[in-house]
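**Q** Got a structure for you, data_31.json, holding JSON, C-alpha atoms.
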```
[["chain", "number", "residue", "atom", "x", "y", "z"],
["Q", 1, "MET", "CA", -10.28, 73.64, -8.97],
["Q", 2, "THR", "CA", -13.14, 75.29, -7.24],
["Q", 3, "ASP", "CA", -13.20, 76.89, -3.82],
["Q", 4, "SER", "CA", -16.96, 76.92, -3.97],
["Q", 5, "VAL", "CA", -18.95, 76.47, -0.80],
["Q", 6, "PHE", "CA", -21.41, 74.48, -2.86],
["Q", 7, "ASP", "CA", -20.28, 70.98, -3.73],
["Q", 8, "ALA", "CA", -22.41, 69.31, -6.37],
["Q", 9, "ALA", "CA", -20.81, 65.94, -5.73],
["Q", 10, "GLY", "CA", -23.11, 63.88, -3.58],
["Q", 11, "PHE", "CA", -25.82, 66.51, -3.56],
["Q", 12, "LEU", "CA", -28.28, 63.89, -4.75],
["Q", 13, "THR", "CA", -28.20, 60.27, -3.70],
["Q", 14, "PHE", "CA", -30.06, 57.63, -5.65],
["Q", 15, "ASP", "CA", -30.88, 54.65, -3.45],
["Q", 16, "LEU", "CA", -32.34, 52.44, -6.10],
["Q", 17, "ALA", "CA", -32.61, 49.44, -3.80],
["Q", 18, "ALA", "CA", -34.80, 51.42, -1.42],
["Q", 19, "GLY", "CA", -36.48, 53.33, -4.22],
["Q", 20, "GLU", "CA", -35.46, 56.66, -2.71],
["Q", 21, "LEU", "CA", -33.83, 59.86, -3.85],
["Q", 22, "ARG", "CA", -32.43, 62.12, -1.15],
["Q", 23, "SER", "CA", -30.53, 65.35, -1.04],
["Q", 24, "ARG", "CA", -27.49, 65.93, 1.10],
["Q", 25, "GLU", "CA", -29.78, 67.60, 3.61],
["Q", 26, "ASN", "CA", -31.49, 64.20, 3.90],
["Q", 27, "GLU", "CA", -34.74, 65.49, 2.48],
["Q", 28, "ARG", "CA", -36.59, 62.93, 0.44],
["Q", 29, "LEU", "CA", -37.09, 64.05, -3.14],
["Q", 30, "VAL", "CA", -39.26, 62.79, -5.95],
["Q", 31, "VAL", "CA", -38.55, 63.18, -9.64],
["Q", 32, "ILE", "CA", -41.72, 64.40, -11.26],
["Q", 33, "PRO", "CA", -42.43, 66.31, -14.46],
["Q", 34, "ALA", "CA", -41.99, 70.04, -14.04],
["Q", 35, "GLU", "CA", -45.52, 70.54, -15.32],
["Q", 36, "THR", "CA", -46.77, 68.89, -12.16],
["Q", 37, "LEU", "CA", -45.80, 72.02, -10.25],
["Q", 38, "ASP", "CA", -48.16, 74.05, -12.39],
["Q", 39, "ALA", "CA", -50.98, 71.68, -11.54],
["Q", 40, "LEU", "CA", -50.60, 72.24, -7.81],
["Q", 41, "PRO", "CA", -52.88, 74.90, -6.38],
["Q", 42, "VAL", "CA", -50.66, 77.51, -4.74],
["Q", 43, "GLY", "CA", -51.93, 78.32, -1.30],
["Q", 44, "GLN", "CA", -50.69, 79.13, 2.13],
["Q", 45, "ALA", "CA", -49.84, 75.54, 2.99],
["Q", 46, "LEU", "CA", -47.73, 75.09, -0.14],
["Q", 47, "GLU", "CA", -46.01, 78.43, 0.37],
["Q", 48, "GLN", "CA", -45.12, 77.50, 3.95],
["Q", 49, "THR", "CA", -43.72, 74.21, 2.67],
["Q", 50, "TRP", "CA", -41.50, 76.03, 0.21],
["Q", 51, "ARG", "CA", -40.36, 78.46, 2.90],
["Q", 52, "ARG", "CA", -39.39, 75.53, 5.10],
["Q", 53, "TRP", "CA", -37.62, 74.01, 2.11],
["Q", 54, "GLY", "CA", -35.63, 77.22, 1.62],
["Q", 55, "ARG", "CA", -34.79, 77.32, 5.33],
["Q", 56, "LEU", "CA", -33.41, 73.82, 5.10],
["Q", 57, "HIS", "CA", -30.95, 74.81, 2.38],
["Q", 58, "GLY", "CA", -30.14, 78.12, 4.02],
["Q", 59, "ALA", "CA", -29.38, 76.25, 7.22],
["Q", 60, "SER", "CA", -26.94, 74.14, 5.24],
["Q", 61, "LEU", "CA", -24.99, 77.26, 4.27],
["Q", 62, "ALA", "CA", -25.22, 78.61, 7.81],
["Q", 63, "ALA", "CA", -23.81, 75.38, 9.20],
["Q", 64, "HIS", "CA", -20.97, 75.52, 6.71],
["Q", 65, "LEU", "CA", -20.17, 79.12, 7.60],
["Q", 66, "ARG", "CA", -20.16, 78.31, 11.32],
["Q", 67, "LYS", "CA", -17.77, 75.49, 10.60],
["Q", 68, "VAL", "CA", -15.26, 77.47, 8.54],
["Q", 69, "GLY", "CA", -15.60, 80.68, 10.55],
["Q", 70, "GLY", "CA", -14.23, 84.00, 9.40],
["Q", 71, "ARG", "CA", -16.15, 86.72, 7.62],
["Q", 72, "PRO", "CA", -17.33, 85.33, 4.31],
["Q", 73, "GLY", "CA", -18.01, 87.65, 1.42],
["Q", 74, "ILE", "CA", -21.35, 88.07, -0.28],
["Q", 75, "GLU", "CA", -20.24, 85.76, -3.09],
["Q", 76, "VAL", "CA", -20.91, 82.71, -0.91],
["Q", 77, "LEU", "CA", -24.60, 83.57, -1.15],
["Q", 78, "ALA", "CA", -24.69, 83.38, -4.93],
["Q", 79, "ASP", "CA", -22.40, 80.40, -4.83],
["Q", 80, "HIS", "CA", -24.39, 78.24, -2.42],
["Q", 81, "LEU", "CA", -27.86, 79.41, -3.34],
["Q", 82, "GLY", "CA", -27.10, 79.23, -7.05],
["Q", 83, "GLY", "CA", -25.68, 75.76, -6.70],
["Q", 84, "SER", "CA", -28.57, 74.49, -4.62],
["Q", 85, "LEU", "CA", -31.24, 75.84, -6.97],
["Q", 86, "ALA", "CA", -29.42, 74.52, -10.01],
["Q", 87, "ALA", "CA", -29.00, 71.08, -8.47],
["Q", 88, "LEU", "CA", -32.67, 71.01, -7.56],
["Q", 89, "GLY", "CA", -33.58, 71.92, -11.13],
["Q", 90, "LEU", "CA", -35.19, 75.17, -10.04],
["Q", 91, "GLY", "CA", -33.16, 77.46, -12.28],
["Q", 92, "LYS", "CA", -30.00, 79.51, -12.59],
["Q", 93, "ILE", "CA", -29.86, 82.41, -10.20],
["Q", 94, "SER", "CA", -27.56, 85.34, -9.70],
["Q", 95, "VAL", "CA", -27.37, 87.87, -6.91],
["Q", 96, "GLU", "CA", -27.48, 91.59, -7.56],
["Q", 97, "ILE", "CA", -26.74, 94.19, -4.92],
["Q", 98, "ARG", "CA", -28.26, 97.50, -6.02],
["Q", 99, "GLY", "CA", -27.20, 100.10, -3.52],
["Q", 100, "ASP", "CA", -28.35, 98.40, -0.36],
["Q", 101, "ALA", "CA", -31.08, 96.45, -2.10],
["Q", 102, "LEU", "CA", -30.75, 92.72, -2.45],
["Q", 103, "VAL", "CA", -32.11, 91.39, -5.73],
["Q", 104, "PHE", "CA", -32.11, 87.91, -7.19],
["Q", 105, "ARG", "CA", -32.34, 87.26, -10.88],
["Q", 106, "LEU", "CA", -33.35, 83.93, -12.36],
["Q", 107, "THR", "CA", -32.09, 83.65, -15.90],
["Q", 108, "GLU", "CA", -34.39, 82.25, -18.51],
["Q", 109, "ASN", "CA", -33.29, 78.93, -19.89],
["Q", 110, "LYS", "CA", -33.66, 77.56, -23.38],
["Q", 111, "SER", "CA", -37.32, 76.81, -22.79],
["Q", 112, "GLY", "CA", -37.93, 80.51, -22.24],
["Q", 113, "ARG", "CA", -38.88, 80.02, -18.65],
["Q", 114, "ALA", "CA", -36.68, 80.85, -15.69],
["Q", 115, "SER", "CA", -37.83, 78.03, -13.45],
["Q", 116, "PRO", "CA", -40.34, 75.22, -13.44],
["Q", 117, "ALA", "CA", -41.67, 76.57, -10.17],
["Q", 118, "SER", "CA", -43.98, 79.55, -9.90],
["Q", 119, "ARG", "CA", -42.45, 82.86, -8.86],
["Q", 120, "ASP", "CA", -44.57, 82.89, -5.71],
["Q", 121, "LEU", "CA", -43.20, 79.56, -4.57],
["Q", 122, "LEU", "CA", -39.64, 80.56, -5.40],
["Q", 123, "SER", "CA", -40.15, 83.74, -3.39],
["Q", 124, "CYS", "CA", -41.06, 81.60, -0.40],
["Q", 125, "PHE", "CA", -38.00, 79.42, -0.93],
["Q", 126, "LEU", "CA", -35.72, 82.47, -1.12],
["Q", 127, "GLY", "CA", -37.32, 84.03, 1.94],
["Q", 128, "GLY", "CA", -36.80, 80.88, 3.97],
["Q", 129, "TYR", "CA", -33.24, 80.57, 2.71],
["Q", 130, "LEU", "CA", -32.35, 84.12, 3.81],
["Q", 131, "GLU", "CA", -34.12, 83.66, 7.11],
["Q", 132, "ALA", "CA", -31.93, 80.68, 7.90],
["Q", 133, "ILE", "CA", -28.60, 82.40, 7.30],
["Q", 134, "GLY", "CA", -29.22, 85.60, 9.19],
["Q", 135, "PRO", "CA", -31.05, 86.97, 12.20],
["Q", 136, "ASP", "CA", -33.75, 88.77, 10.23],
["Q", 137, "ARG", "CA", -36.91, 87.57, 8.56],
["Q", 138, "PHE", "CA", -36.84, 88.48, 4.91],
["Q", 139, "GLU", "CA", -39.82, 88.81, 2.63],
["Q", 140, "VAL", "CA", -39.19, 88.22, -1.05],
["Q", 141, "LEU", "CA", -41.27, 89.88, -3.73],
["Q", 142, "PRO", "CA", -41.38, 88.58, -7.30],
["Q", 143, "LEU", "CA", -41.03, 91.35, -9.85],
["Q", 144, "ASP", "CA", -41.70, 91.51, -13.55],
["Q", 145, "GLU", "CA", -39.02, 92.48, -15.95],
["Q", 146, "GLN", "CA", -39.21, 92.04, -19.68],
["Q", 147, "GLY", "CA", -36.73, 89.79, -21.35],
["Q", 148, "ARG", "CA", -34.13, 89.21, -18.68],
["Q", 149, "GLY", "CA", -35.60, 86.49, -16.56],
["Q", 150, "ALA", "CA", -37.40, 86.78, -13.27],
["Q", 151, "LEU", "CA", -36.45, 89.33, -10.61],
["Q", 152, "PHE", "CA", -36.96, 88.96, -6.88],
["Q", 153, "PHE", "CA", -36.55, 91.74, -4.35],
["Q", 154, "ALA", "CA", -35.65, 90.71, -0.81],
["Q", 155, "GLY", "CA", -36.15, 93.00, 2.14],
["Q", 156, "CYS", "CA", -38.04, 93.64, 5.31],
["Q", 157, "THR", "CA", -41.82, 93.64, 5.31],
["Q", 158, "GLU", "CA", -42.06, 97.43, 5.06],
["Q", 159, "ALA", "CA", -39.66, 97.64, 2.12],
["Q", 160, "VAL", "CA", -41.46, 94.91, 0.24],
["Q", 161, "GLY", "CA", -44.72, 96.73, 0.79],
["Q", 162, "LYS", "CA", -43.30, 99.95, -0.62],
["Q", 163, "VAL", "CA", -41.83, 98.31, -3.70],
["Q", 164, "ARG", "CA", -45.05, 96.43, -4.32],
["Q", 165, "GLY", "CA", -47.03, 99.64, -4.03],
["Q", 166, "TRP", "CA", -44.82, 101.52, -6.49],
["Q", 167, "VAL", "CA", -44.99, 98.68, -8.97],
["Q", 168, "GLU", "CA", -48.76, 98.60, -8.69],
["Q", 169, "GLN", "CA", -48.77, 102.31, -9.41],
["Q", 170, "GLY", "CA", -46.92, 101.68, -12.65],
["Q", 171, "ALA", "CA", -43.26, 101.89, -11.76],
["Q", 172, "GLY", "CA", -40.86, 99.47, -13.38],
["Q", 173, "ALA", "CA", -39.40, 96.71, -11.23],
["Q", 174, "LEU", "CA", -35.87, 98.06, -11.01],
["Q", 175, "GLU", "CA", -37.15, 101.61, -10.88],
["Q", 176, "ALA", "CA", -39.09, 100.75, -7.75],
["Q", 177, "VAL", "CA", -36.05, 99.13, -6.16],
["Q", 178, "GLU", "CA", -33.85, 102.10, -7.01],
["Q", 179, "ARG", "CA", -36.45, 104.49, -5.63],
["Q", 180, "LEU", "CA", -36.23, 102.61, -2.36],
["Q", 181, "SER", "CA", -32.44, 102.86, -2.35],
["Q", 182, "LYS", "CA", -32.49, 106.59, -3.09],
["Q", 183, "GLY", "CA", -34.68, 107.15, -0.08],
["Q", 184, "GLN", "CA", -31.97, 105.70, 2.11],
["Q", 185, "ALA", "CA", -28.93, 107.76, 3.09],
["Q", 186, "ILE", "CA", -25.77, 106.12, 1.78],
["W", 1, "MET", "CA", -61.05, -16.45, -15.08],
["W", 2, "LYS", "CA", -60.80, -13.94, -17.81],
["W", 3, "ASN", "CA", -61.83, -14.97, -21.17],
["W", 4, "ALA", "CA", -59.65, -14.58, -24.23],
["W", 5, "GLU", "CA", -61.19, -11.25, -25.19],
["W", 6, "ALA", "CA", -60.47, -9.78, -21.77],
["W", 7, "ARG", "CA", -56.88, -11.00, -21.83],
["W", 8, "ARG", "CA", -56.45, -9.49, -25.31],
["W", 9, "ARG", "CA", -57.67, -6.09, -24.08],
["W", 10, "ASP", "CA", -55.35, -6.31, -21.07],
["W", 11, "LEU", "CA", -52.43, -7.08, -23.35],
["W", 12, "GLU", "CA", -53.26, -4.16, -25.64],
["W", 13, "GLU", "CA", -53.50, -1.87, -22.65],
["W", 14, "ILE", "CA", -50.12, -3.02, -21.37],
["W", 15, "LEU", "CA", -48.53, -2.53, -24.80],
["W", 16, "ALA", "CA", -50.06, 0.93, -25.12],
["W", 17, "ARG", "CA", -48.75, 1.87, -21.65],
["W", 18, "VAL", "CA", -45.25, 0.67, -22.54],
["W", 19, "HIS", "CA", -45.40, 2.66, -25.74],
["W", 20, "ARG", "CA", -46.43, 5.83, -23.91],
["W", 21, "ASN", "CA", -43.68, 5.37, -21.34],
["W", 22, "ARG", "CA", -41.13, 4.94, -24.07],
["W", 23, "ILE", "CA", -42.19, 8.17, -25.69],
["W", 24, "ALA", "CA", -41.98, 9.88, -22.33],
["W", 25, "VAL", "CA", -38.51, 8.51, -21.75],
["W", 26, "GLU", "CA", -37.38, 9.61, -25.21],
["W", 27, "THR", "CA", -38.79, 13.08, -24.65],
["W", 28, "SER", "CA", -37.01, 13.44, -21.35],
["W", 29, "ARG", "CA", -33.72, 12.78, -23.12],
["W", 30, "ILE", "CA", -34.15, 15.71, -25.47],
["W", 31, "PRO", "CA", -31.88, 18.60, -24.45],
["W", 32, "ARG", "CA", -33.72, 21.70, -23.26],
["W", 33, "SER", "CA", -32.69, 23.76, -26.26],
["W", 34, "ALA", "CA", -33.89, 21.07, -28.62],
["W", 35, "ALA", "CA", -37.10, 20.74, -26.64],
["W", 36, "LEU", "CA", -37.68, 24.46, -26.92],
["W", 37, "LYS", "CA", -36.96, 24.27, -30.61],
["W", 38, "ALA", "CA", -39.36, 21.39, -30.89],
["W", 39, "ALA", "CA", -41.97, 23.58, -29.23],
["W", 40, "GLN", "CA", -41.78, 25.95, -32.18],
["W", 41, "PRO", "CA", -44.56, 25.72, -34.78],
["W", 42, "GLU", "CA", -42.26, 24.04, -37.26],
["W", 43, "PRO", "CA", -42.05, 21.09, -37.60],
["W", 44, "PHE", "CA", -45.54, 20.94, -36.35],
["W", 45, "PHE", "CA", -46.12, 17.21, -36.29],
["W", 46, "GLU", "CA", -42.67, 16.03, -35.42],
["W", 47, "THR", "CA", -42.58, 13.63, -32.51],
["W", 48, "ALA", "CA", -39.87, 11.94, -30.56],
["W", 49, "ASP", "CA", -40.38, 8.85, -32.66],
["W", 50, "SER", "CA", -40.01, 10.60, -35.98],
["W", 51, "SER", "CA", -37.35, 13.16, -35.14],
["W", 52, "PRO", "CA", -33.78, 12.24, -35.94],
["W", 53, "ASN", "CA", -31.70, 11.39, -32.99],
["W", 54, "VAL", "CA", -29.47, 14.46, -33.22],
["W", 55, "VAL", "CA", -27.67, 15.65, -30.15],
["W", 56, "PRO", "CA", -27.28, 19.43, -30.38],
["W", 57, "GLU", "CA", -24.02, 21.07, -29.61],
["W", 58, "PRO", "CA", -23.77, 22.13, -26.01],
["W", 59, "PRO", "CA", -24.03, 25.87, -25.41],
["W", 60, "PRO", "CA", -20.69, 27.64, -25.19],
["W", 61, "SER", "CA", -19.25, 27.87, -21.76],
["W", 62, "LEU", "CA", -19.22, 31.30, -20.13],
["W", 63, "ALA", "CA", -15.52, 30.93, -19.73],
["W", 64, "THR", "CA", -15.06, 30.72, -23.49],
["W", 65, "LEU", "CA", -17.21, 33.75, -24.28],
["W", 66, "PRO", "CA", -15.27, 36.86, -25.24],
["W", 67, "MET", "CA", -15.39, 39.34, -22.39],
["W", 68, "PRO", "CA", -15.76, 43.06, -23.01],
["W", 69, "ALA", "CA", -12.87, 45.31, -22.07],
["W", 70, "GLU", "CA", -14.87, 46.72, -19.16],
["W", 71, "PRO", "CA", -17.90, 45.08, -17.60],
["W", 72, "PRO", "CA", -21.00, 47.12, -18.23],
["W", 73, "PRO", "CA", -22.19, 49.12, -15.23],
["W", 74, "LEU", "CA", -25.03, 47.57, -13.30],
["W", 75, "VAL", "CA", -26.76, 50.92, -13.05],
["W", 76, "ALA", "CA", -26.57, 53.65, -15.62],
["W", 77, "PRO", "CA", -24.54, 56.60, -14.41],
["W", 78, "LEU", "CA", -27.22, 59.00, -13.30],
["W", 79, "VAL", "CA", -25.40, 61.85, -11.69],
["W", 80, "PRO", "CA", -23.04, 63.33, -14.31],
["W", 81, "ASP", "CA", -25.69, 64.29, -16.82],
["W", 82, "VAL", "CA", -28.18, 65.25, -14.15],
["W", 83, "MET", "CA", -25.71, 67.55, -12.49],
["W", 84, "ARG", "CA", -24.49, 69.12, -15.71],
["W", 85, "VAL", "CA", -25.61, 72.69, -15.67],
["W", 86, "GLU", "CA", -24.59, 75.91, -17.25],
["W", 87, "THR", "CA", -23.50, 78.94, -15.37],
["W", 88, "VAL", "CA", -22.27, 82.30, -16.42],
["W", 89, "CYS", "CA", -19.01, 83.33, -14.89],
["W", 90, "ALA", "CA", -17.45, 86.73, -14.67],
["W", 91, "PRO", "CA", -15.13, 88.62, -12.35],
["W", 92, "ILE", "CA", -16.79, 90.14, -9.33],
["W", 93, "GLU", "CA", -15.91, 93.66, -10.32],
["W", 94, "PRO", "CA", -18.38, 96.13, -11.76],
["W", 95, "ALA", "CA", -15.91, 97.91, -14.01],
["W", 96, "SER", "CA", -14.88, 94.78, -15.84],
["W", 97, "LEU", "CA", -18.24, 93.07, -15.61],
["W", 98, "ALA", "CA", -19.79, 95.02, -18.42],
["W", 99, "ALA", "CA", -16.93, 94.30, -20.79],
["W", 100, "ALA", "CA", -16.33, 90.73, -19.73],
["W", 101, "PRO", "CA", -17.55, 88.19, -22.23],
["W", 102, "GLU", "CA", -19.88, 85.58, -20.88],
["W", 103, "VAL", "CA", -18.19, 82.25, -20.45],
["W", 104, "ARG", "CA", -20.23, 79.13, -20.62],
["W", 105, "VAL", "CA", -19.00, 76.34, -18.39],
["W", 106, "LEU", "CA", -20.12, 72.79, -18.97],
["W", 107, "GLU", "CA", -18.67, 70.47, -16.40],
["W", 108, "ALA", "CA", -19.82, 67.63, -14.24],
["W", 109, "THR", "CA", -19.19, 69.79, -11.21],
["W", 110, "PRO", "CA", -21.24, 72.82, -12.14],
["W", 111, "PHE", "CA", -19.57, 75.53, -10.17],
["W", 112, "ALA", "CA", -15.95, 75.15, -11.01],
["W", 113, "SER", "CA", -16.21, 78.90, -11.35],
["W", 114, "ARG", "CA", -18.44, 81.12, -9.37],
["W", 115, "PRO", "CA", -21.70, 82.42, -10.69],
["W", 116, "VAL", "CA", -22.12, 86.08, -11.21],
["W", 117, "THR", "CA", -22.39, 88.34, -8.24],
["W", 118, "ARG", "CA", -23.06, 91.85, -9.53],
["W", 119, "LEU", "CA", -21.99, 94.54, -7.14],
["W", 120, "LEU", "CA", -23.55, 97.72, -8.40],
["W", 121, "GLY", "CA", -23.15, 99.71, -5.24],
["W", 122, "ALA", "CA", -20.22, 101.66, -3.92],
["W", 123, "LEU", "CA", -17.04, 99.62, -3.73],
["W", 124, "GLN", "CA", -16.03, 101.25, -0.48],
["W", 125, "ARG", "CA", -18.68, 99.39, 1.44],
["W", 126, "GLU", "CA", -18.21, 96.24, 3.43],
["W", 127, "TRP", "CA", -19.15, 93.30, 1.26],
["W", 128, "THR", "CA", -19.28, 90.55, 3.82],
["W", 129, "LEU", "CA", -22.38, 88.41, 3.77],
["W", 130, "ASN", "CA", -23.57, 89.65, 7.14],
["W", 131, "ALA", "CA", -23.05, 93.29, 6.26],
["W", 132, "VAL", "CA", -24.91, 93.01, 2.98],
["W", 133, "LEU", "CA", -27.83, 91.17, 4.55],
["W", 134, "ASP", "CA", -27.98, 93.66, 7.38],
["W", 135, "ARG", "CA", -28.10, 96.65, 5.02],
["W", 136, "ALA", "CA", -30.63, 94.90, 2.79],
["W", 137, "TRP", "CA", -32.96, 94.18, 5.66],
["W", 138, "LYS", "CA", -32.72, 97.72, 7.08],
["W", 139, "LEU", "CA", -33.42, 99.30, 3.71],
["W", 140, "GLY", "CA", -36.82, 100.93, 3.57],
["W", 141, "ARG", "CA", -37.71, 100.39, 7.21],
["W", 142, "ASP", "CA", -39.93, 103.04, 8.69]]
```
Could you take the file, read its structure, and then write that structure out as structure tokens?

**A**
Amino acid sequence: MTDSVFDAAGFLTFDLAAGELRSRENERLVVIPAETLDALPVGQALEQTWRRWGRLHGASLAAHLRKVGGRPGIEVLADHLGGSLAALGLGKISVEIRGDALVFRLTENKSGRASPASRDLLSCFLGGYLEAIGPDRFEVLPLDEQGRGALFFAGCTEAVGKVRGWVEQGAGALEAVERLSKGQAI
Amino acid sequence: MKNAEARRRDLEEILARVHRNRIAVETSRIPRSAALKAAQPEPFFETADSSPNVVPEPPPSLATLPMPAEPPPLVAPLVPDVMRVETVCAPIEPASLAAAPEVRVLEATPFASRPVTRLLGALQREWTLNAVLDRAWKLGRD
């Protein structure tokens, strides 16, 4: 049986009598077609909402870690974040540590799309999630990579700016991340 | 005093009223199922007077109906299929990760095995959550 920190059982509660769907974090959810997300104009207000949403789920992991104590390994991040995103229907994510760089990879599903949400909104979710489980404010940058899903680089504001600049100058997504790692003494 | 014609009309009226009441009484005796059947287009002109006085069989009692082995659920089970997801599982070890075949897991609880965490850095480092986040945030700072 699993020793996962993410428990799918009870993650969603259907209260048909009240006409409500809630997550374990007691946020009220609505089942809508994924295409509806595309119809929403992405702006600062929506991005802040998604960052708050990510913080809510990151706080759930943080509360769990405070409860169990100890020094959890990095796998709890992929475990809890991956479970939460999957249960919310936002995609299948894995965590990649490249040197010191923290990278998320959303795997494309059968529809050929990694997530029904835009990469900008998912970046906000991931940034809020990381912000809630640690002391630092992370920025998350969506990166292009051909054929292997969507990549997201997470780092401080300066690092995100550097990676963005290199990508805009023509560097590949992972090349830019590795260039950042090589500039850091290991 | 009413004349003979007036008394004749009164008598006809009384007889007509009795006749209507009788029809009403007969109709009220028709079982509901038969009444519903009578409401069907066929027979179109059948009335209580012309219909045979047939008492339909009473509907079967609920107690005599065969019961299914398990009562049907009041609400369709929503969670199992909703929560069914795929995840790729592999050991958290770079050396074996490349050679490890991908395993597809289809279970009601999606993460019976952990999703992939690829550790491509040096194995000698501290891989606690806090240490990784700390190094990731410090990376690239001016």

**Q** Kindly indicate which residue among Q:Leu88, Q:Ile74, Q:Val5, Q:Leu174 lies nearest to chain W, using all atoms listed in the file for the distances.

**A**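 Nearest to chain W: Q:Ile74.
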
**Q** I'd like the interatomic distance between atom CA of Val30 of chain Q and atom CA of Ala114 of chain Q, to a tenth of an Å.

**A**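 About the pair atom CA of Val30 of chain Q and atom CA of Ala114 of chain Q: they are 20.7 Å apart.
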
**Q** Using all atoms listed in the file, find each residue of chain Q with at least one atom at most 8 Å away from an atom of chain W; report its shortest atom-to-atom pair and that distance in Å (one decimal), sort the rows by chain and rising residue number, and return the result as a tab-separated table.

**A**
```
residue	atom	partner	partner_atom	distance
Q:Met1	CA	W:Ala112	CA	6.2
Q:Thr2	CA	W:Ala112	CA	4.7
Q:Asp3	CA	W:Ala112	CA	7.9
Q:Ser4	CA	W:Phe111	CA	6.9
Q:Phe6	CA	W:Phe111	CA	7.6
Q:Asp7	CA	W:Thr109	CA	7.7
Q:Ala8	CA	W:Thr109	CA	5.8
Q:Ala9	CA	W:Thr109	CA	6.9
Q:Leu12	CA	W:Val79	CA	7.8
Q:Arg71	CA	W:Thr128	CA	6.2
Q:Pro72	CA	W:Thr128	CA	5.6
Q:Gly73	CA	W:Thr128	CA	4.0
Q:Ile74	CA	W:Leu129	CA	4.2
Q:Glu75	CA	W:Thr117	CA	6.1
Q:Val76	CA	W:Leu129	CA	7.5
Q:Leu77	CA	W:Leu129	CA	7.2
Q:Ala78	CA	W:Thr117	CA	6.4
Q:Asp79	CA	W:Arg114	CA	6.1
Q:Gly82	CA	W:Pro115	CA	7.3
Q:Gly83	CA	W:Phe111	CA	7.0
Q:Ala86	CA	W:Val85	CA	7.1
Q:Ala87	CA	W:Met83	CA	6.3
Q:Lys92	CA	W:Thr87	CA	7.1
Q:Ser94	CA	W:Val116	CA	5.7
Q:Val95	CA	W:Thr117	CA	5.2
Q:Glu96	CA	W:Arg118	CA	4.8
Q:Ile97	CA	W:Leu119	CA	5.3
Q:Arg98	CA	W:Leu120	CA	5.3
Q:Gly99	CA	W:Gly121	CA	4.4
Q:Asp100	CA	W:Ala136	CA	5.2
Q:Ala101	CA	W:Ala136	CA	5.1
Q:Leu102	CA	W:Ala136	CA	5.7
Q:Gly134	CA	W:Asn130	CA	7.2
Q:Asp136	CA	W:Trp137	CA	7.1
Q:Phe138	CA	W:Trp137	CA	6.9
Q:Ala154	CA	W:Ala136	CA	7.5
Q:Gly155	CA	W:Trp137	CA	4.9
Q:Cys156	CA	W:Trp137	CA	5.1
Q:Glu158	CA	W:Arg141	CA	5.7
Q:Ala159	CA	W:Gly140	CA	4.6
Q:Lys162	CA	W:Gly140	CA	7.8
Q:Leu180	CA	W:Gly140	CA	6.2
Q:Ser181	CA	W:Leu139	CA	7.1
Q:Gly183	CA	W:Gly140	CA	7.5
Q:Gln184	CA	W:Leu139	CA	6.8
```

**Q** Let's have the selection written as an mmCIF file, in the frame of the given file, with C-alpha atoms.

**A**
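Generated file (part02.cif):
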```cif
data_model
loop_
_atom_site.group_PDB
_atom_site.id
_atom_site.type_symbol
_atom_site.label_atom_id
_atom_site.label_comp_id
_atom_site.auth_asym_id
_atom_site.auth_seq_id
_atom_site.Cartn_x
_atom_site.Cartn_y
_atom_site.Cartn_z
ATOM 1 C CA MET Q 1 -10.280 73.640 -8.970
ATOM 2 C CA THR Q 2 -13.140 75.290 -7.240
ATOM 3 C CA ASP Q 3 -13.200 76.890 -3.820
ATOM 4 C CA SER Q 4 -16.960 76.920 -3.970
ATOM 5 C CA PHE Q 6 -21.410 74.480 -2.860
ATOM 6 C CA ASP Q 7 -20.280 70.980 -3.730
ATOM 7 C CA ALA Q 8 -22.410 69.310 -6.370
ATOM 8 C CA ALA Q 9 -20.810 65.940 -5.730
ATOM 9 C CA LEU Q 12 -28.280 63.890 -4.750
ATOM 10 C CA ARG Q 71 -16.150 86.720 7.620
ATOM 11 C CA PRO Q 72 -17.330 85.330 4.310
ATOM 12 C CA GLY Q 73 -18.010 87.650 1.420
ATOM 13 C CA ILE Q 74 -21.350 88.070 -0.280
ATOM 14 C CA GLU Q 75 -20.240 85.760 -3.090
ATOM 15 C CA VAL Q 76 -20.910 82.710 -0.910
ATOM 16 C CA LEU Q 77 -24.600 83.570 -1.150
ATOM 17 C CA ALA Q 78 -24.690 83.380 -4.930
ATOM 18 C CA ASP Q 79 -22.400 80.400 -4.830
ATOM 19 C CA GLY Q 82 -27.100 79.230 -7.050
ATOM 20 C CA GLY Q 83 -25.680 75.760 -6.700
ATOM 21 C CA ALA Q 86 -29.420 74.520 -10.010
ATOM 22 C CA ALA Q 87 -29.000 71.080 -8.470
ATOM 23 C CA LYS Q 92 -30.000 79.510 -12.590
ATOM 24 C CA SER Q 94 -27.560 85.340 -9.700
ATOM 25 C CA VAL Q 95 -27.370 87.870 -6.910
ATOM 26 C CA GLU Q 96 -27.480 91.590 -7.560
ATOM 27 C CA ILE Q 97 -26.740 94.190 -4.920
ATOM 28 C CA ARG Q 98 -28.260 97.500 -6.020
ATOM 29 C CA GLY Q 99 -27.200 100.100 -3.520
ATOM 30 C CA ASP Q 100 -28.350 98.400 -0.360
ATOM 31 C CA ALA Q 101 -31.080 96.450 -2.100
ATOM 32 C CA LEU Q 102 -30.750 92.720 -2.450
ATOM 33 C CA GLY Q 134 -29.220 85.600 9.190
ATOM 34 C CA ASP Q 136 -33.750 88.770 10.230
ATOM 35 C CA PHE Q 138 -36.840 88.480 4.910
ATOM 36 C CA ALA Q 154 -35.650 90.710 -0.810
ATOM 37 C CA GLY Q 155 -36.150 93.000 2.140
ATOM 38 C CA CYS Q 156 -38.040 93.640 5.310
ATOM 39 C CA GLU Q 158 -42.060 97.430 5.060
ATOM 40 C CA ALA Q 159 -39.660 97.640 2.120
ATOM 41 C CA LYS Q 162 -43.300 99.950 -0.620
ATOM 42 C CA LEU Q 180 -36.230 102.610 -2.360
ATOM 43 C CA SER Q 181 -32.440 102.860 -2.350
ATOM 44 C CA GLY Q 183 -34.680 107.150 -0.080
ATOM 45 C CA GLN Q 184 -31.970 105.700 2.110
#
```
